[in-house]
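Working notes, beginning with the structure itself.
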Protein chains: 2
Amino acid sequence: MAVQPPRPKLPPLTALRAFEAAGRLGGFTPAARELGVTPGAVTAHLKTLESALGVQLFERRHKGVALTELGARVLPDFTRAFRQIDAAVQRLETEAAPGLVRIATTQDLAQLWLSPRLPRLRRAGLQVVPVPVDGPEAARGIADLALFAREGEGIAAPLIAVAAPGLVEAQLPALDPAEALVLAGPLGDWEVWAKAAGHAGFQPRGPVHGSAALALEEAANGAGVLVIARPLAEAALGQGRVVDPYGVTADSGVSLALWPLRDLPEGSAAATVLAALL
Amino acid sequence: MAVQPPRPKLPPLTALRAFEAAGRLGGFTPAARELGVTPGAVTAHLKTLESALGVQLFERRHKGVALTELGARVLPDFTRAFRQIDAAVQRLETEAAPGLVRIATTQDLAQLWLSPRLPRLRRAGLQVVPVPVDGPEAARGIADLALFAREGEGIAAPLIAVAAPGLVEAQLPALDPAEALVLAGPLGDWEVWAKAAGHAGFQPRGPVHGSAALALEEAANGAGVLVIARPLAEAALGQGRVVDPYGVTADSGVSLALWPLRDLPEGSAAATVLAALL
DNA sequence: CGTTCGGCTCAGAAAATCTGAGCCGAGGCT
DNA sequence: AGCCTCGGCTCAGATTTTCTGAGCCGAACG
């Protein structure tokens, strides 16, 4: 008879969303990435949900988690339901701002690859906005297109070395480890490039940058030689801010990929932009 | 190019829920009732949503609001989507606690009408829990059945007058305005009863109670005569705690209604309870 | 046997959400 | 005209939710 505490409430939508993501992706950590929160937050949500319902949704394994039988049974319903919500939101946003195309990408790709290509699209009346996200997983529902580097097919992204024109002058600069600027990540892989250039085992010792834009700026300012994926350096090469003194190209294995994050209606602004950029 | 503030996010689910409810119910106030919050909270949600999207979803009319053309266009998608969520939650809860049946009702009905009937159901292995809510509108999604007084068909709820047995003794108590206990609301309508009893125009002056349980307790303790819907007094009459000294019955126009808040699968615990209580 | 992976816990911080009270304009009523 | 009611708005402040960050722990990997 005890009529529970004051306000009976439905389980919080945000906890349900966490359950859905964790179930679909098979873990709290990937779910956290998708939701743009820390894993601890997901843990907390699931704990809330499970204790509110008095049921276990996940089995805690030594490494990771797995849906319980009950969890697996109800998950598809939630996946469907949230997909519908996302679709409705997408539609609303599209209708709210027709002609606006959001591209989820990294700061670097936005600045060095996308930005130079936008003016032409703008002139065609398409409003394109880069949305900075940590990774493709976090792009769910917040953009129309995704642009990221990834292994496999796409826009080729071979590695080249670049340096300030002033550094080259009459002769090729010697490869000095102390002046070898490093861009972290596969888009700035010195090892691969050095091998292709016949300097296998070369150890760059210059400053390490996380940002391609900054690394490129440094190179343009004469700080040294930088290995970088060509598409990122194209604008700077075109403006003569850097040059490719060695002419050595190496395949990094990754390429730039641009893909739709949802169904793009035929002839929609997003579809047009996608076609124009490829 | 300005890459907006740090974290691009999807519109908060709770604001979307507010939009859906307001759109479906045609106003912020009814939506607030359904969501169990104040109208101000709904106003705020809609403001958030509209400014996040940069779109007007509602036209503000002098009295109330109306969906804009855009709002009306997208509303059905959201209604469908949230219905799916609710259904998924219902299913999850049912699977989490099979045999548990939640009945949304008022404190009074739970205590005076439902409670006496539960032991029999419990003996049949059905776990029935009353969920106290403000009104039927607020019951959405948090219970399986709803039990409320309302105009129209249902379990008849004629008005009778009751008093403590000690008050009656040898003769009928005179109708003393000062000892006429009042239960607020249609389930305690003195005017209707008095007219049926041939005392048209009688003005009760006793204490006014909002709670039927409390009013009945007062009557049982000899505080005076109380007009109340018979179903609420049945248990007390059966125990001899109060008696019906006048034997006058008046139709209040309202009755008790018990109805399902969602599809009840054939043979489910909720369906069984519904059948047993009617 | 050290390292990595993934989840858990806890305290504190930040943000979302809610309330309550009063305001305002329009329409209905007398 | 004057009064009342209705429904939404605003604002400050309170409350609750949600999130982070740092450290812990056990198992699997190599």
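Residues are referred to by chain and number: the chain letter is A, B, ... according to the order shown in the structure tokens, the number counts from 1 in that chain, and ligands are numbered separately from 1 in the order shown.
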
Per residue of chain A within 9 Å of chain D, what are the shortest atom pair and its distance in Å to one decimal, counting only C-alpha atoms (C1' of nucleotides), with rows by chain and residue number, as CSV?
residue,atom,partner,partner_atom,distance
A:Val37,CA,D:DC19,C1',7.3
A:Thr38,CA,D:DT20,C1',7.3
A:Gly40,CA,D:DT20,C1',8.4
A:Ala41,CA,D:DC19,C1',6.2
A:His45,CA,D:DT18,C1',9.0
A:His62,CA,D:DA27,C1',5.7
A:Lys63,CA,D:DA27,C1',6.7

Next item on the list: With a distance threshold of 8 Å and counting only C-alpha atoms, extract the residues of chain B near chain A and express them as a PyMOL selection string.
Entry: chain B and resi 1+3-4+6-10+13-14+53-55+70+74+77-78+81-82+84-85+88+91-93+95-96+115+129-133+141-142

Margin query: Let's see if you can do this: from backbone DSSP, list all helix (DSSP H, G or I) residues in range 56-252 of chain B, as a PyMOL selection string.
Written below: chain B and resi 69-96+107-123+136-139+165-168+177-179+186-188+190-196+212-220+230-238

Using the selection just defined, write its residues with C-alpha atoms as a PDB file, in the first residue's frame.
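Contents of the output file again-v4.pdb:
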ATOM      1  CA  GLU B  69       2.965  25.996 -40.355  1.00  0.00           C
ATOM      2  CA  LEU B  70       6.427  24.517 -39.797  1.00  0.00           C
ATOM      3  CA  GLY B  71       5.561  23.318 -36.320  1.00  0.00           C
ATOM      4  CA  ALA B  72       2.453  21.587 -37.580  1.00  0.00           C
ATOM      5  CA  ARG B  73       4.435  19.964 -40.349  1.00  0.00           C
ATOM      6  CA  VAL B  74       6.986  18.328 -38.087  1.00  0.00           C
ATOM      7  CA  LEU B  75       4.809  17.599 -35.081  1.00  0.00           C
ATOM      8  CA  PRO B  76       3.459  14.236 -36.253  1.00  0.00           C
ATOM      9  CA  ASP B  77       6.983  12.883 -36.612  1.00  0.00           C
ATOM     10  CA  PHE B  78       7.719  13.724 -33.015  1.00  0.00           C
ATOM     11  CA  THR B  79       4.444  12.399 -31.752  1.00  0.00           C
ATOM     12  CA  ARG B  80       5.137   9.109 -33.441  1.00  0.00           C
ATOM     13  CA  ALA B  81       8.690   9.000 -32.195  1.00  0.00           C
ATOM     14  CA  PHE B  82       7.801   9.698 -28.587  1.00  0.00           C
ATOM     15  CA  ARG B  83       4.993   7.216 -28.740  1.00  0.00           C
ATOM     16  CA  GLN B  84       7.584   4.665 -29.727  1.00  0.00           C
ATOM     17  CA  ILE B  85       9.795   5.624 -26.849  1.00  0.00           C
ATOM     18  CA  ASP B  86       6.920   5.363 -24.428  1.00  0.00           C
ATOM     19  CA  ALA B  87       5.981   1.995 -25.829  1.00  0.00           C
ATOM     20  CA  ALA B  88       9.540   0.773 -25.509  1.00  0.00           C
ATOM     21  CA  VAL B  89       9.718   1.978 -21.930  1.00  0.00           C
ATOM     22  CA  GLN B  90       6.411   0.329 -21.114  1.00  0.00           C
ATOM     23  CA  ARG B  91       7.629  -2.895 -22.562  1.00  0.00           C
ATOM     24  CA  LEU B  92      10.874  -2.690 -20.670  1.00  0.00           C
ATOM     25  CA  GLU B  93       9.081  -2.018 -17.414  1.00  0.00           C
ATOM     26  CA  THR B  94       6.638  -4.799 -17.981  1.00  0.00           C
ATOM     27  CA  GLU B  95       9.394  -7.259 -18.692  1.00  0.00           C
ATOM     28  CA  ALA B  96      11.379  -5.960 -15.767  1.00  0.00           C
ATOM     29  CA  GLN B 107      -4.815   9.430  -2.939  1.00  0.00           C
ATOM     30  CA  ASP B 108      -8.484   9.233  -1.959  1.00  0.00           C
ATOM     31  CA  LEU B 109      -9.513   6.649  -4.479  1.00  0.00           C
ATOM     32  CA  ALA B 110      -6.453   4.601  -3.728  1.00  0.00           C
ATOM     33  CA  GLN B 111      -7.185   4.569  -0.044  1.00  0.00           C
ATOM     34  CA  LEU B 112     -10.952   4.278   0.045  1.00  0.00           C
ATOM     35  CA  TRP B 113     -11.846   2.341  -3.049  1.00  0.00           C
ATOM     36  CA  LEU B 114      -8.810   0.541  -4.363  1.00  0.00           C
ATOM     37  CA  SER B 115      -7.089  -0.487  -1.199  1.00  0.00           C
ATOM     38  CA  PRO B 116      -9.979  -2.600   0.148  1.00  0.00           C
ATOM     39  CA  ARG B 117     -10.084  -4.523  -3.110  1.00  0.00           C
ATOM     40  CA  LEU B 118      -6.425  -5.309  -3.376  1.00  0.00           C
ATOM     41  CA  PRO B 119      -6.022  -8.139  -0.873  1.00  0.00           C
ATOM     42  CA  ARG B 120      -8.132 -10.416  -3.051  1.00  0.00           C
ATOM     43  CA  LEU B 121      -5.990  -9.635  -6.078  1.00  0.00           C
ATOM     44  CA  ARG B 122      -2.825 -10.075  -4.109  1.00  0.00           C
ATOM     45  CA  ARG B 123      -3.935 -13.485  -3.073  1.00  0.00           C
ATOM     46  CA  PRO B 136      -5.606  11.592 -15.522  1.00  0.00           C
ATOM     47  CA  GLU B 137      -3.593  13.859 -17.806  1.00  0.00           C
ATOM     48  CA  ALA B 138      -0.479  13.362 -15.735  1.00  0.00           C
ATOM     49  CA  ALA B 139      -0.751   9.589 -15.893  1.00  0.00           C
ATOM     50  CA  PRO B 165     -23.321   5.634  14.619  1.00  0.00           C
ATOM     51  CA  GLY B 166     -23.124   7.386  17.961  1.00  0.00           C
ATOM     52  CA  LEU B 167     -24.484  10.540  16.423  1.00  0.00           C
ATOM     53  CA  VAL B 168     -27.612   8.819  15.217  1.00  0.00           C
ATOM     54  CA  PRO B 177     -25.272  23.570   9.060  1.00  0.00           C
ATOM     55  CA  ALA B 178     -22.481  23.805  11.607  1.00  0.00           C
ATOM     56  CA  GLU B 179     -22.138  20.045  11.694  1.00  0.00           C
ATOM     57  CA  PRO B 186     -18.210  16.735  -7.030  1.00  0.00           C
ATOM     58  CA  LEU B 187     -17.810  13.631  -4.888  1.00  0.00           C
ATOM     59  CA  GLY B 188     -19.050  15.577  -1.892  1.00  0.00           C
ATOM     60  CA  TRP B 190     -24.015  18.886  -0.608  1.00  0.00           C
ATOM     61  CA  GLU B 191     -26.233  20.948  -2.853  1.00  0.00           C
ATOM     62  CA  VAL B 192     -27.263  18.007  -5.004  1.00  0.00           C
ATOM     63  CA  TRP B 193     -27.804  15.732  -2.056  1.00  0.00           C
ATOM     64  CA  ALA B 194     -29.703  18.299  -0.032  1.00  0.00           C
ATOM     65  CA  LYS B 195     -32.092  18.927  -2.879  1.00  0.00           C
ATOM     66  CA  ALA B 196     -32.744  15.180  -3.188  1.00  0.00           C
ATOM     67  CA  ALA B 212     -12.134  12.267   1.418  1.00  0.00           C
ATOM     68  CA  ALA B 213     -10.227   9.945   3.704  1.00  0.00           C
ATOM     69  CA  LEU B 214      -9.807  12.666   6.266  1.00  0.00           C
ATOM     70  CA  ALA B 215     -13.397  13.874   5.958  1.00  0.00           C
ATOM     71  CA  LEU B 216     -14.618  10.339   6.463  1.00  0.00           C
ATOM     72  CA  GLU B 217     -12.396   9.918   9.466  1.00  0.00           C
ATOM     73  CA  GLU B 218     -13.872  13.061  10.936  1.00  0.00           C
ATOM     74  CA  ALA B 219     -17.375  11.806  10.306  1.00  0.00           C
ATOM     75  CA  ALA B 220     -16.529   8.473  11.905  1.00  0.00           C
ATOM     76  CA  ARG B 230     -21.037   5.930  -1.824  1.00  0.00           C
ATOM     77  CA  PRO B 231     -18.158   3.900  -3.245  1.00  0.00           C
ATOM     78  CA  LEU B 232     -15.775   5.891  -1.106  1.00  0.00           C
ATOM     79  CA  ALA B 233     -17.729   5.199   2.050  1.00  0.00           C
ATOM     80  CA  GLU B 234     -18.448   1.544   1.446  1.00  0.00           C
ATOM     81  CA  ALA B 235     -15.591   0.158   3.449  1.00  0.00           C
ATOM     82  CA  ALA B 236     -16.384   2.386   6.407  1.00  0.00           C
ATOM     83  CA  LEU B 237     -20.076   1.485   6.186  1.00  0.00           C
ATOM     84  CA  GLY B 238     -19.197  -2.186   6.064  1.00  0.00           C
TER      85      GLY B 238
END

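Selected on chain A by distance to chain C: Gly27, Phe28, Thr29, Pro39, Gly40, Thr43, Ala44, Arg60, Arg61, His62, Lys63, Gly64 and Val65 of chain A (within 10 Å, counting only C-alpha atoms (C1' of nucleotides)).
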
Once DSSP has gone over the backbone, tell me which residues of range 99-148 of chain B are in strand (DSSP E), as a compact mmCIF listing (two decimals) with C-alpha atoms, in the first residue's frame.
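File written: result10.txt
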# COMPACT_ATOMS: atom_id res chain seq x y z
CA LEU B 100 3.26 -5.64 -11.36
CA VAL B 101 0.30 -3.47 -12.24
CA ARG B 102 0.43 0.26 -11.62
CA ILE B 103 -2.80 2.16 -11.26
CA ALA B 104 -2.69 5.92 -11.53
CA THR B 105 -5.27 7.46 -9.25
CA GLN B 127 1.01 -7.16 -7.41
CA VAL B 128 -0.98 -3.96 -7.69
CA VAL B 129 0.51 -0.60 -6.82
CA PRO B 130 -1.38 2.67 -6.76
CA VAL B 131 0.52 5.56 -8.30
CA PRO B 132 -0.65 8.89 -6.93
CA LEU B 145 -4.41 1.68 -15.61
CA ALA B 146 -6.10 4.89 -14.58
CA LEU B 147 -8.79 5.24 -11.94
CA PHE B 148 -10.56 8.56 -11.63
